[in-house]
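The next block is start_2.cif, given as mmCIF, C-alpha atoms.
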```
data_model
#
loop_
_atom_site.label_atom_id
_atom_site.label_comp_id
_atom_site.auth_asym_id
_atom_site.auth_seq_id
_atom_site.Cartn_x
_atom_site.Cartn_y
_atom_site.Cartn_z
CA MET A 362 -3.84 16.61 -8.00
CA GLU A 363 -5.97 13.45 -7.85
CA ARG A 364 -4.65 10.70 -10.12
CA SER A 365 -5.93 7.44 -11.40
CA PRO A 366 -3.97 4.59 -9.74
CA PHE A 367 -2.34 3.89 -13.10
CA ILE A 368 -0.95 7.43 -13.64
CA THR A 369 2.32 6.57 -11.92
CA PRO A 370 5.73 8.23 -12.17
CA LEU A 371 6.85 5.23 -14.22
CA PHE A 372 3.94 5.63 -16.62
CA LEU A 373 4.68 9.32 -17.11
CA SER A 374 8.37 8.63 -17.62
CA LEU A 375 7.56 6.03 -20.27
CA LEU A 376 5.48 8.56 -22.13
CA ARG A 377 8.10 11.29 -21.89
CA LYS A 378 10.83 8.99 -23.16
CA THR A 379 8.78 7.45 -25.96
CA THR A 380 8.00 9.16 -29.26
CA VAL A 381 4.44 8.37 -30.28
CA GLU A 382 1.81 10.03 -32.38
CA SER A 383 -0.70 12.16 -30.50
CA GLY A 384 -3.40 9.58 -31.25
CA HIS A 385 -1.35 6.86 -29.58
CA LEU A 386 -0.75 9.05 -26.58
CA ALA A 387 -4.41 9.86 -26.19
CA LEU A 388 -5.25 6.18 -26.27
CA LEU A 389 -2.61 5.37 -23.67
CA PHE A 390 -4.20 7.86 -21.33
CA ALA A 391 -7.63 6.49 -22.13
CA VAL A 392 -6.40 3.09 -20.96
CA ALA A 393 -4.53 4.40 -17.94
CA SER A 394 -6.98 6.95 -16.66
CA CYS A 395 -10.34 6.60 -18.40
CA THR A 396 -11.38 9.89 -16.80
CA SER A 397 -11.39 13.53 -17.75
CA ARG A 398 -8.82 14.46 -15.16
CA VAL A 399 -6.03 16.83 -16.15
CA VAL A 400 -2.57 15.29 -15.95
CA ARG A 401 0.41 17.54 -15.33
CA GLY A 402 3.78 17.20 -16.94
CA LEU A 403 2.62 16.89 -20.57
CA PRO A 404 2.07 19.36 -23.37
CA ALA A 405 -1.16 21.29 -22.89
CA SER A 406 -2.70 19.81 -26.04
CA LEU A 407 -2.44 16.29 -24.57
CA ARG A 408 -3.30 16.88 -20.92
CA THR A 409 -6.98 15.95 -21.05
CA SER A 410 -7.52 12.24 -21.58
CA ARG A 411 -10.50 10.72 -23.32
CA THR A 412 -12.83 8.32 -21.65
CA SER A 413 -12.67 4.66 -22.57
CA SER A 414 -15.88 4.95 -24.58
CA GLU A 415 -14.51 7.91 -26.53
CA ALA A 416 -11.27 6.08 -27.22
CA SER A 417 -13.01 2.91 -28.32
CA SER A 418 -15.23 4.84 -30.70
CA SER A 419 -12.29 6.39 -32.50
CA PRO A 420 -11.17 4.29 -35.49
CA SER A 421 -8.03 6.39 -35.87
CA LEU A 422 -6.85 5.50 -32.38
CA LEU A 423 -7.73 1.83 -32.40
CA GLY A 424 -6.52 1.40 -35.93
CA SER A 425 -3.13 2.86 -35.17
CA MET A 426 -2.57 0.99 -31.92
CA PRO A 427 -3.93 -2.56 -31.66
CA ARG A 428 -5.06 -4.07 -28.36
CA ILE A 429 -1.88 -6.07 -27.98
CA GLY A 430 0.03 -2.79 -28.00
CA ILE A 431 -1.91 -1.69 -24.95
CA ARG A 432 -1.05 -4.92 -23.16
CA LYS A 433 2.62 -4.56 -23.98
CA LEU A 434 2.57 -1.10 -22.48
CA LEU A 435 0.75 -2.30 -19.38
CA SER A 436 3.08 -5.27 -19.00
CA SER A 437 5.97 -2.84 -18.74
CA MET A 438 4.29 -1.60 -15.57
CA ALA A 439 5.15 -4.84 -13.74
CA VAL A 440 7.85 -2.82 -12.02
CA ILE A 441 7.86 -0.03 -9.50
CA GLN A 442 9.71 3.25 -9.65
CA THR A 443 10.72 5.32 -6.66
CA GLY A 444 13.40 7.34 -8.43
CA GLU A 445 16.13 4.94 -9.53
CA PRO A 446 16.41 2.07 -10.15
CA ILE A 447 13.25 0.63 -11.66
CA LEU A 448 12.44 -2.45 -9.61
CA LYS A 449 11.01 -5.74 -10.80
CA LEU A 450 8.69 -7.34 -8.27
CA PHE A 451 9.39 -10.68 -6.60
CA THR A 452 7.43 -9.75 -3.50
CA VAL A 453 5.01 -11.85 -1.48
CA GLY A 454 2.13 -9.40 -1.96
CA PRO A 455 1.10 -7.08 -3.33
CA VAL A 456 2.56 -8.53 -6.52
CA ALA A 457 2.96 -7.37 -10.10
CA CYS A 458 -0.38 -7.40 -11.89
CA TYR A 459 -1.13 -9.15 -15.16
CA PRO A 460 -1.58 -6.82 -18.16
CA GLU A 461 -5.07 -8.22 -18.68
CA VAL A 462 -5.92 -7.23 -15.11
CA LEU A 463 -4.65 -3.68 -15.48
CA GLU A 464 -6.52 -3.29 -18.72
CA ALA A 465 -9.80 -4.44 -17.15
CA MET A 466 -9.32 -2.17 -14.16
CA GLY A 467 -8.79 0.84 -16.41
CA GLU A 468 -12.44 1.04 -17.40
CA GLN A 469 -14.65 3.94 -16.35
CA MET A 470 -16.51 3.44 -13.07
CA TYR A 471 -20.13 2.35 -12.77
CA SER A 472 -22.54 1.87 -9.87
CA HIS A 473 -22.31 -1.21 -7.66
CA ARG A 474 -26.11 -1.44 -7.99
CA SER A 475 -26.07 -1.28 -11.79
CA PRO A 476 -26.89 -4.25 -14.03
CA GLU A 477 -23.32 -4.04 -15.37
CA TYR A 478 -21.80 -4.58 -11.94
CA ILE A 479 -24.30 -7.25 -10.86
CA LYS A 480 -23.46 -9.25 -13.99
CA LEU A 481 -19.72 -8.84 -13.31
CA HIS A 482 -20.12 -9.72 -9.64
CA TYR A 483 -21.99 -12.99 -10.09
CA ASP A 484 -19.86 -14.07 -13.02
CA THR A 485 -16.78 -13.58 -10.84
CA VAL A 486 -18.37 -15.45 -7.94
CA GLU A 487 -19.30 -18.42 -10.14
CA ARG A 488 -15.78 -18.57 -11.56
CA LEU A 489 -14.34 -18.54 -8.04
CA ARG A 490 -16.73 -21.26 -6.89
CA GLU A 491 -15.56 -23.43 -9.76
CA TYR A 492 -11.93 -22.63 -9.00
CA MET A 493 -12.36 -23.48 -5.31
CA GLU A 494 -14.49 -26.54 -6.12
CA THR A 495 -17.38 -25.56 -3.90
CA GLY A 496 -21.12 -25.21 -3.95
CA ASN A 497 -20.92 -22.85 -0.97
CA ASP A 498 -21.58 -19.15 -1.21
CA VAL A 499 -18.57 -17.06 -2.15
CA TYR A 500 -18.50 -13.47 -0.86
CA LEU A 501 -16.32 -10.61 -2.06
CA PHE A 502 -15.33 -8.34 0.84
CA SER A 503 -13.97 -4.86 0.18
CA SER A 504 -11.06 -5.68 2.49
CA THR A 505 -8.01 -7.87 2.53
CA GLY A 506 -8.25 -11.51 3.52
CA THR A 507 -7.86 -10.55 7.17
CA GLY A 508 -11.46 -9.33 7.00
CA PHE A 509 -12.57 -12.94 6.55
CA MET A 510 -10.29 -13.97 9.39
CA GLU A 511 -12.17 -11.59 11.66
CA ALA A 512 -15.56 -12.57 10.22
CA SER A 513 -14.95 -16.26 10.92
CA VAL A 514 -14.28 -15.54 14.59
CA LEU A 515 -17.14 -13.06 15.06
CA ASN A 516 -19.75 -15.24 13.35
CA CYS A 517 -18.76 -18.78 14.23
CA VAL A 518 -16.94 -18.89 17.58
CA ARG A 519 -18.72 -18.16 20.85
CA GLU A 520 -16.03 -19.06 23.36
CA ARG A 521 -13.08 -21.21 22.25
CA MET A 522 -11.05 -22.02 19.19
CA LEU A 523 -7.79 -23.75 18.29
CA CYS A 524 -5.23 -21.98 16.12
CA CYS A 525 -2.48 -23.84 14.30
CA VAL A 526 0.53 -21.52 14.29
CA ASN A 527 3.47 -21.97 11.92
CA GLY A 528 4.55 -18.34 11.86
CA SER A 529 3.41 -14.73 11.95
CA PHE A 530 0.12 -15.15 10.10
CA GLY A 531 -1.00 -18.07 12.22
CA GLU A 532 -0.20 -15.84 15.19
CA ARG A 533 -2.40 -13.14 13.63
CA PHE A 534 -5.37 -15.52 13.58
CA ALA A 535 -4.83 -16.20 17.28
CA GLU A 536 -4.54 -12.47 17.99
CA VAL A 537 -7.83 -11.80 16.19
CA GLY A 538 -9.53 -14.43 18.33
CA ARG A 539 -8.16 -12.95 21.54
CA ALA A 540 -9.04 -9.42 20.43
CA HIS A 541 -12.68 -10.50 20.37
CA GLY A 542 -12.55 -12.12 23.77
CA ARG A 543 -12.30 -15.73 22.64
CA ARG A 544 -10.16 -18.23 24.44
CA VAL A 545 -7.54 -19.41 21.98
CA GLU A 546 -5.67 -22.68 22.30
CA VAL A 547 -2.50 -22.82 20.21
CA LEU A 548 -0.88 -25.72 18.39
CA GLU A 549 2.61 -24.56 17.45
CA PRO A 550 5.28 -26.90 16.09
CA PRO A 551 8.91 -25.72 15.93
CA LEU A 552 9.32 -22.87 13.44
CA GLY A 553 9.82 -24.22 9.94
CA ASN A 554 7.95 -27.46 10.63
CA PRO A 555 4.41 -28.21 9.46
CA VAL A 556 1.42 -29.11 11.56
CA THR A 557 0.93 -32.86 11.19
CA SER A 558 -2.29 -34.84 11.45
CA GLY A 559 -0.94 -36.57 14.56
CA MET A 560 -0.24 -33.27 16.29
CA LEU A 561 -3.71 -31.98 15.47
CA GLU A 562 -5.38 -35.21 16.62
CA ASP A 563 -3.61 -34.93 19.98
CA ALA A 564 -4.53 -31.25 20.34
CA LEU A 565 -8.21 -31.88 19.69
CA LYS A 566 -8.26 -34.73 22.18
CA GLU A 567 -6.69 -32.41 24.75
CA HIS A 568 -9.11 -29.58 23.97
CA PRO A 569 -12.43 -31.17 22.95
CA GLU A 570 -14.28 -28.02 23.99
CA VAL A 571 -13.04 -25.89 21.06
CA GLU A 572 -15.66 -24.97 18.48
CA ALA A 573 -13.39 -24.42 15.50
CA VAL A 574 -9.86 -24.92 14.20
CA ALA A 575 -7.96 -22.25 12.24
CA ILE A 576 -5.24 -23.36 9.85
CA THR A 577 -2.86 -21.26 7.79
CA HIS A 578 -2.54 -23.28 4.59
CA ASN A 579 0.55 -21.49 3.31
CA GLU A 580 2.54 -19.62 5.96
CA THR A 581 4.04 -16.76 3.99
CA SER A 582 6.40 -15.66 6.73
CA VAL A 583 8.40 -18.90 6.63
CA GLY A 584 7.61 -20.18 3.12
CA LEU A 585 5.87 -23.32 4.37
CA ILE A 586 2.75 -25.15 3.22
CA ASN A 587 0.73 -27.36 5.55
CA PRO A 588 -0.85 -30.70 4.47
CA LEU A 589 -4.34 -29.20 4.39
CA LYS A 590 -6.26 -32.20 3.10
CA GLU A 591 -5.04 -34.43 5.94
CA LEU A 592 -5.53 -31.73 8.59
CA ALA A 593 -9.05 -30.98 7.41
CA GLY A 594 -9.90 -34.67 7.69
CA VAL A 595 -8.82 -34.67 11.33
CA VAL A 596 -10.85 -31.57 12.14
CA LYS A 597 -14.03 -32.90 10.57
CA SER A 598 -13.63 -36.27 12.28
CA HIS A 599 -13.98 -34.36 15.55
CA GLY A 600 -17.04 -32.47 14.33
CA LYS A 601 -15.42 -29.03 14.44
CA LEU A 602 -15.62 -26.09 12.08
CA ILE A 603 -12.48 -25.42 10.05
CA PHE A 604 -11.26 -21.99 8.95
CA VAL A 605 -8.52 -21.88 6.33
CA ASP A 606 -6.30 -18.89 5.67
CA ALA A 607 -5.46 -19.51 2.01
CA VAL A 608 -4.24 -15.98 1.35
CA SER A 609 -1.00 -16.98 -0.34
CA SER A 610 -2.08 -20.39 -1.63
CA MET A 611 -5.48 -19.97 -3.27
CA GLY A 612 -4.92 -19.78 -6.99
CA GLY A 613 -1.43 -21.23 -6.82
CA THR A 614 -2.12 -24.74 -5.59
CA GLU A 615 -5.02 -27.17 -5.23
CA ILE A 616 -7.79 -26.49 -2.71
CA LYS A 617 -10.94 -28.63 -2.75
CA VAL A 618 -13.27 -26.79 -0.41
CA ASP A 619 -16.21 -29.20 -0.47
CA ASP A 620 -14.27 -32.47 -0.66
CA TRP A 621 -12.11 -31.39 2.29
CA GLY A 622 -15.04 -30.02 4.31
CA ILE A 623 -13.71 -26.47 4.72
CA ASP A 624 -16.22 -24.12 6.37
CA VAL A 625 -14.55 -20.77 5.73
CA CYS A 626 -11.79 -20.60 3.11
CA PHE A 627 -10.45 -17.15 2.29
CA SER A 628 -7.82 -15.35 0.29
CA SER A 629 -6.88 -11.91 -1.02
CA SER A 630 -6.70 -10.44 -4.49
CA GLN A 631 -3.09 -9.28 -4.22
CA LYS A 632 -1.41 -12.67 -4.10
CA CYS A 633 -1.65 -15.58 -6.55
CA PHE A 634 -4.28 -14.00 -8.79
CA GLY A 635 -2.09 -10.99 -9.62
CA VAL A 636 -4.71 -8.32 -8.82
CA PRO A 637 -4.16 -5.18 -6.72
CA PRO A 638 -5.04 -5.33 -3.01
CA GLY A 639 -8.48 -4.47 -1.68
CA LEU A 640 -10.58 -7.58 -2.31
CA GLY A 641 -11.15 -10.38 0.19
CA ILE A 642 -12.40 -13.64 -1.30
CA GLY A 643 -14.09 -16.26 0.84
CA SER A 644 -16.34 -19.30 0.68
CA VAL A 645 -18.71 -19.91 3.58
CA SER A 646 -20.42 -23.22 4.34
CA GLU A 647 -24.04 -23.75 5.38
CA GLU A 648 -22.84 -24.86 8.80
CA ALA A 649 -20.87 -21.66 9.26
CA LEU A 650 -23.92 -19.60 8.25
CA LYS A 651 -26.07 -21.47 10.79
CA LYS A 652 -23.52 -20.61 13.49
CA SER A 653 -23.78 -16.96 12.43
CA GLU A 654 -27.57 -16.84 12.92
CA GLY A 655 -27.51 -16.44 16.66
CA ALA A 656 -24.03 -15.04 17.11
CA PRO A 657 -24.02 -12.08 19.54
CA ASN A 658 -22.00 -8.91 18.98
CA LYS A 659 -20.84 -9.86 15.50
CA GLY A 660 -21.02 -6.32 14.19
CA TRP A 661 -22.50 -5.28 10.85
CA TYR A 662 -19.82 -5.08 8.14
CA PHE A 663 -18.70 -8.69 8.53
CA ASP A 664 -22.09 -10.20 9.43
CA LEU A 665 -22.15 -13.30 7.23
CA LYS A 666 -25.94 -13.55 7.37
CA LEU A 667 -26.18 -10.03 5.96
CA TRP A 668 -23.85 -11.00 3.13
CA GLN A 669 -25.94 -14.12 2.49
CA LYS A 670 -29.10 -12.00 2.31
CA TYR A 671 -27.71 -9.65 -0.34
CA HIS A 672 -26.15 -12.54 -2.24
CA ASP A 673 -29.42 -14.47 -2.33
CA GLN A 674 -31.39 -11.40 -3.38
CA GLY A 675 -29.13 -10.92 -6.40
CA ARG A 676 -27.84 -7.59 -5.06
CA GLY A 677 -24.20 -8.61 -4.75
CA THR A 678 -22.89 -6.92 -1.62
CA PRO A 679 -24.39 -5.01 1.33
CA MET A 680 -22.14 -2.02 0.73
CA THR A 681 -20.10 -0.46 -2.08
CA SER A 682 -17.89 -3.00 -3.80
CA ALA A 683 -14.26 -2.59 -4.77
CA ILE A 684 -15.39 -2.57 -8.39
CA PRO A 685 -11.98 -2.22 -10.10
CA GLN A 686 -10.60 -5.13 -8.10
CA VAL A 687 -13.62 -7.28 -8.94
CA ALA A 688 -13.10 -6.43 -12.62
CA GLY A 689 -9.43 -7.34 -12.28
CA MET A 690 -10.24 -10.62 -10.56
CA ASN A 691 -12.70 -11.47 -13.29
CA ALA A 692 -10.07 -10.75 -15.92
CA ALA A 693 -7.51 -12.92 -14.10
CA LEU A 694 -9.93 -15.85 -13.90
CA ARG A 695 -10.81 -15.50 -17.57
CA MET A 696 -7.11 -15.35 -18.44
CA ILE A 697 -6.44 -18.55 -16.50
CA ALA A 698 -9.38 -20.31 -18.13
CA GLY A 699 -8.27 -19.19 -21.57
CA ARG A 700 -4.73 -20.49 -21.14
CA GLY A 701 -5.59 -23.96 -19.92
CA GLY A 702 -7.42 -23.58 -16.61
CA LYS A 703 -6.29 -24.41 -13.09
CA GLY A 704 -4.00 -27.20 -14.21
CA TRP A 705 -2.05 -24.79 -16.37
CA TYR A 706 -1.87 -22.20 -13.61
CA PHE A 707 -0.77 -24.63 -10.91
CA GLY A 708 1.90 -25.88 -13.32
CA LEU A 709 3.07 -22.31 -13.89
CA PHE A 710 3.57 -21.81 -10.16
CA LYS A 711 5.36 -25.12 -9.78
CA ARG A 712 7.70 -24.34 -12.68
CA ARG A 713 8.51 -20.86 -11.40
CA ASN A 714 8.99 -22.04 -7.83
CA THR A 715 11.22 -24.95 -8.84
CA LYS A 716 13.35 -22.69 -11.00
CA ILE A 717 13.80 -20.20 -8.17
CA ARG A 718 14.65 -22.81 -5.55
CA GLU A 719 17.13 -24.51 -7.88
CA GLY A 720 18.65 -21.12 -8.61
CA VAL A 721 18.92 -20.36 -4.89
CA GLU A 722 20.71 -23.66 -4.34
CA GLY A 723 22.93 -22.86 -7.30
CA VAL A 724 24.36 -19.82 -5.53
CA GLY A 725 25.02 -21.83 -2.36
CA LEU A 726 21.93 -20.93 -0.34
CA SER A 727 19.12 -23.02 1.12
CA THR A 728 15.45 -22.58 1.98
CA TYR A 729 14.21 -22.43 5.56
CA PRO A 730 11.27 -24.85 6.00
CA GLU A 731 11.42 -28.58 6.49
CA GLU A 732 12.14 -30.38 3.24
CA GLY A 733 8.99 -31.48 1.47
CA TYR A 734 6.86 -28.69 2.91
CA GLU A 735 8.24 -25.77 0.92
CA SER A 736 5.62 -23.29 -0.25
CA PRO A 737 4.79 -23.33 -3.97
CA THR A 738 4.31 -19.56 -4.02
CA VAL A 739 7.10 -18.08 -1.88
CA SER A 740 10.61 -19.23 -1.07
CA CYS A 741 11.96 -18.31 2.35
CA VAL A 742 15.74 -18.31 1.89
CA ASN A 743 18.37 -18.56 4.60
CA ALA A 744 20.71 -15.59 4.35
CA PRO A 745 24.41 -16.31 3.68
CA GLU A 746 26.43 -17.06 6.78
CA GLY A 747 27.50 -13.83 8.42
CA VAL A 748 25.20 -11.68 6.31
CA PRO A 749 21.91 -10.31 7.71
CA GLY A 750 18.88 -10.98 5.56
CA PRO A 751 18.01 -7.27 5.23
CA GLU A 752 21.41 -6.69 3.61
CA VAL A 753 20.57 -9.16 0.84
CA TYR A 754 17.24 -7.40 0.36
CA LYS A 755 18.95 -4.00 0.09
CA ALA A 756 21.58 -5.33 -2.30
CA MET A 757 18.92 -6.76 -4.58
CA ARG A 758 17.05 -3.47 -4.61
CA GLY A 759 20.27 -1.88 -5.77
CA LYS A 760 20.33 -4.34 -8.65
CA GLY A 761 16.74 -3.59 -9.68
CA PHE A 762 14.77 -6.32 -7.88
CA GLU A 763 12.26 -5.97 -5.07
CA LEU A 764 12.26 -9.19 -3.05
CA ALA A 765 10.67 -9.45 0.40
CA GLN A 766 12.48 -9.15 3.69
CA GLY A 767 12.36 -11.84 6.31
CA TYR A 768 9.32 -11.60 8.56
CA GLY A 769 8.75 -11.81 12.29
CA ALA A 770 11.23 -13.99 14.14
CA LEU A 771 13.13 -14.65 10.89
CA LYS A 772 13.56 -11.04 9.82
CA ASP A 773 17.34 -10.97 10.31
CA LYS A 774 18.01 -14.56 9.25
CA THR A 775 16.17 -14.84 5.95
CA PHE A 776 14.81 -13.07 2.91
CA ARG A 777 11.93 -14.18 0.72
CA ILE A 778 11.34 -14.53 -3.01
CA GLY A 779 7.76 -14.61 -4.23
CA ASN A 780 6.68 -16.18 -7.51
CA MET A 781 3.11 -14.84 -7.57
CA GLY A 782 1.53 -12.50 -10.10
CA TYR A 783 2.96 -11.34 -13.42
CA ILE A 784 6.55 -12.57 -13.72
CA PRO A 785 8.00 -13.24 -17.19
CA ASP A 786 10.48 -16.14 -17.28
CA GLU A 787 13.32 -13.89 -18.36
CA ASP A 788 12.86 -11.83 -15.19
CA ILE A 789 13.48 -14.93 -13.08
CA ASP A 790 16.74 -15.56 -14.94
CA MET A 791 17.86 -11.97 -14.41
CA MET A 792 16.88 -12.02 -10.75
CA LEU A 793 18.83 -15.21 -10.05
CA GLU A 794 21.88 -13.84 -11.83
CA ALA A 795 21.66 -10.69 -9.71
CA LEU A 796 21.26 -12.78 -6.56
CA GLY A 797 24.45 -14.65 -7.34
CA GLU A 798 26.26 -11.35 -7.74
CA ALA A 799 24.81 -10.00 -4.50
CA VAL A 800 25.82 -13.08 -2.52
CA SER A 801 29.39 -12.84 -3.83
CA GLU A 802 29.63 -9.13 -3.10
CA LEU A 803 28.26 -9.50 0.44
CA ALA A 804 30.45 -12.45 1.43
CA PRO A 805 32.40 -11.61 4.62
#
```
Kindly return the structure encoded in the file as structure tokens.
Amino acid sequence: MERSPFITPLFLSLLRKTTVESGHLALLFAVASCTSRVVRGLPASLRTSRTSSEASSSPSLLGSMPRIGIRKLLSSMAVIQTGEPILKLFTVGPVACYPEVLEAMGEQMYSHRSPEYIKLHYDTVERLREYMETGNDVYLFSSTGTGFMEASVLNCVRERMLCCVNGSFGERFAEVGRAHGRRVEVLEPPLGNPVTSGMLEDALKEHPEVEAVAITHNETSVGLINPLKELAGVVKSHGKLIFVDAVSSMGGTEIKVDDWGIDVCFSSSQKCFGVPPGLGIGSVSEEALKKSEGAPNKGWYFDLKLWQKYHDQGRGTPMTSAIPQVAGMNAALRMIAGRGGKGWYFGLFKRRNTKIREGVEGVGLSTYPEEGYESPTVSCVNAPEGVPGPEVYKAMRGKGFELAQGYGALKDKTFRIGNMGYIPDEDIDMMLEALGEAVSELAP
């Protein structure tokens, strides 16, 4: 049976365990499916859901279940269920989605060439440009952020580039460059330490032939954030292009694309914005587009000049868009704007992150990166002495919380706690209480 992404085992279990009038139930399925698919496991009279338009035209349904009721139901889906227990998400991506996002994504599909989509597309792009503080084009790839990583290399680097590596995702950028035959110079400080402006200055003096510098703003694998503004200043003083992997920072902390001179700045939907995976977000400068003009062997899907052509013609994208994700991103941006804008959202991340790190310290643990460079979106936590990081992860799953395991070289030494996406404050309190219990239980 083919299901809508929202017809999950958890959703079905909620319906089975909850007594509601048939009108309520029909509306819930209208929100969750918005199709005419048949759903198993329910009484025959309720198996066929109405479309969103049918549900919205029914006064009896809307009158008996206000919009806020839908959001409360959707907010209960900020957990995953793989049998028992139900797990609350503190992952580093994909993350729990905001109810407003799930609601927007539950609409019936429409063509990516329709006026409805074109309006949605360009409204989303303009909101992202404002958020990123740029006048550059913003493109929406039907991929993760790694698609932009590959596009930056294919379009803008002929022979050589410099990659700043603070962990596994900086290494990925270097691997992408090598995979396409580019010579990659690497600037790699000790693990857990940031790239400093002095280090980068020395590297560019040593390798003046490089055409571009790739920087991972927020290295998710070690929970570290680099001083992007200062690093960007160094790169531009040497007249090089700068590519910024902002996958786990965009949305959660300040990025000023134009003021800092960033040529390609990209992210993914499934991190700070609390939208499901499948949408790459990236701004591209005029200089980067000029580099793309004569680039050989850059392929078709990630040809930035092709994307510029469709963007300028008002056609959105060269190929089918990930329409539900674009709708979800639009809803997330509207939600942020409605609650106080970027300042409010950055403050939310800072408050969550501070609370988590203080809670981690309260149970006798510490974070991995150099002090002062801790990520605002993910905490990389040193495992208790004598206890492998994966054991903490498993113990927390047993208590109902999905954290993230350590990554790469730190897999056995750490575990990670994300604070991206939809996380009610009370869930943080419960998670920290469970972490204290787990640490005590695992003590050698």
_For a quick check of your reading of the model, name the residues lying within 12 Å of the coordinate (-23.1, -4.7, -12.4), counting only C-alpha atoms, and write them as a PyMOL selection string._
chain A and resi 470-485+675-678+681-685+687-688
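The shortest atom-to-atom distance to Leu552 of chain A, with only C-alpha atoms taken into account, belongs to A:Ser529 out of A:Asn497, A:Ser529, A:Ser727, A:Ser801.
Proximity of A:Ala770, A:Val545, A:Ile697, A:Leu463 to Leu709 of chain A, computed with all atoms listed in the file, is greatest for A:Ile697.
Using only C-alpha atoms, the nearest neighbour of Leu764 of chain A within the list A:Gly613, A:Gly704, A:Gly639, A:Pro455 is A:Pro455.
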*Take the point (-1.8, -19.8, -14.2) in the file's coordinates, draw a sphere of radius 10 Å around it, and report as number ranges by chain every protein, DNA or RNA residue with an atom inside or on it, counting all atoms listed in the file.*
A: 612-614, 633-635, 693-694, 696-711, 781-783
Take the residues from that selection and write them out as a PDB file, in the coordinates of the input, keeping C-alpha atoms.
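Generated output (result_38.pdb):
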```
ATOM      1  CA  GLY A 612      -4.920 -19.780  -6.990  1.00  0.00           C
ATOM      2  CA  GLY A 613      -1.430 -21.230  -6.820  1.00  0.00           C
ATOM      3  CA  THR A 614      -2.120 -24.740  -5.590  1.00  0.00           C
ATOM      4  CA  CYS A 633      -1.650 -15.580  -6.550  1.00  0.00           C
ATOM      5  CA  PHE A 634      -4.280 -14.000  -8.790  1.00  0.00           C
ATOM      6  CA  GLY A 635      -2.090 -10.990  -9.620  1.00  0.00           C
ATOM      7  CA  ALA A 693      -7.510 -12.920 -14.100  1.00  0.00           C
ATOM      8  CA  LEU A 694      -9.930 -15.850 -13.900  1.00  0.00           C
ATOM      9  CA  MET A 696      -7.110 -15.350 -18.440  1.00  0.00           C
ATOM     10  CA  ILE A 697      -6.440 -18.550 -16.500  1.00  0.00           C
ATOM     11  CA  ALA A 698      -9.380 -20.310 -18.130  1.00  0.00           C
ATOM     12  CA  GLY A 699      -8.270 -19.190 -21.570  1.00  0.00           C
ATOM     13  CA  ARG A 700      -4.730 -20.490 -21.140  1.00  0.00           C
ATOM     14  CA  GLY A 701      -5.590 -23.960 -19.920  1.00  0.00           C
ATOM     15  CA  GLY A 702      -7.420 -23.580 -16.610  1.00  0.00           C
ATOM     16  CA  LYS A 703      -6.290 -24.410 -13.090  1.00  0.00           C
ATOM     17  CA  GLY A 704      -4.000 -27.200 -14.210  1.00  0.00           C
ATOM     18  CA  TRP A 705      -2.050 -24.790 -16.370  1.00  0.00           C
ATOM     19  CA  TYR A 706      -1.870 -22.200 -13.610  1.00  0.00           C
ATOM     20  CA  PHE A 707      -0.770 -24.630 -10.910  1.00  0.00           C
ATOM     21  CA  GLY A 708       1.900 -25.880 -13.320  1.00  0.00           C
ATOM     22  CA  LEU A 709       3.070 -22.310 -13.890  1.00  0.00           C
ATOM     23  CA  PHE A 710       3.570 -21.810 -10.160  1.00  0.00           C
ATOM     24  CA  LYS A 711       5.360 -25.120  -9.780  1.00  0.00           C
ATOM     25  CA  MET A 781       3.110 -14.840  -7.570  1.00  0.00           C
ATOM     26  CA  GLY A 782       1.530 -12.500 -10.100  1.00  0.00           C
ATOM     27  CA  TYR A 783       2.960 -11.340 -13.420  1.00  0.00           C
TER      28      TYR A 783
END
```
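Excluding segment 503-506 of chain A itself and same-chain residues fewer than 5 positions from it, the residues having an atom within 7 Å of it are A:Val608, A:Phe627, A:Ser628, A:Ser629, A:Pro638, A:Gly639, A:Leu640, A:Gly641, A:Ile642, A:Ser682, A:Ala683, counting only C-alpha atoms.
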*Which residues come within 9 Å of Gly725 of chain A, counting only C-alpha atoms, excluding same-chain residues fewer than 4 positions away, as a PyMOL selection string?*
chain A and resi 720-721+745+797+800
*Convert the output of the PyMOL selection byres ((chain A and resi 607) around 12) on the shown file into explicit residues, formatted as a PyMOL selection string.*
chain A and resi 493+505-507+509-510+530-531+575-581+586-587+589+604-606+608-618+623+625-630+632-633+641-644+736+738
For segment 707-712 of chain A, which lacks atoms in the input, supply N, CA and C atoms and format the output as a tab-separated table (two decimals), in the frame of the given file.
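The file below, out-v5.tsv, is the result:
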```tsv
chain	number	residue	atom	x	y	z
A	707	PHE	N	-1.53	-23.94	-11.96
A	707	PHE	CA	-0.77	-24.63	-10.91
A	707	PHE	C	0.60	-25.05	-11.45
A	708	GLY	N	0.63	-25.50	-12.70
A	708	GLY	CA	1.90	-25.88	-13.32
A	708	GLY	C	2.83	-24.70	-13.46
A	709	LEU	N	2.27	-23.53	-13.77
A	709	LEU	CA	3.07	-22.31	-13.89
A	709	LEU	C	3.75	-22.00	-12.56
A	710	PHE	N	2.99	-22.09	-11.47
A	710	PHE	CA	3.57	-21.81	-10.16
A	710	PHE	C	4.64	-22.84	-9.80
A	711	LYS	N	4.38	-24.09	-10.09
A	711	LYS	CA	5.36	-25.12	-9.78
A	711	LYS	C	6.65	-24.91	-10.57
A	712	ARG	N	6.51	-24.56	-11.84
A	712	ARG	CA	7.70	-24.34	-12.68
A	712	ARG	C	8.51	-23.14	-12.19
```
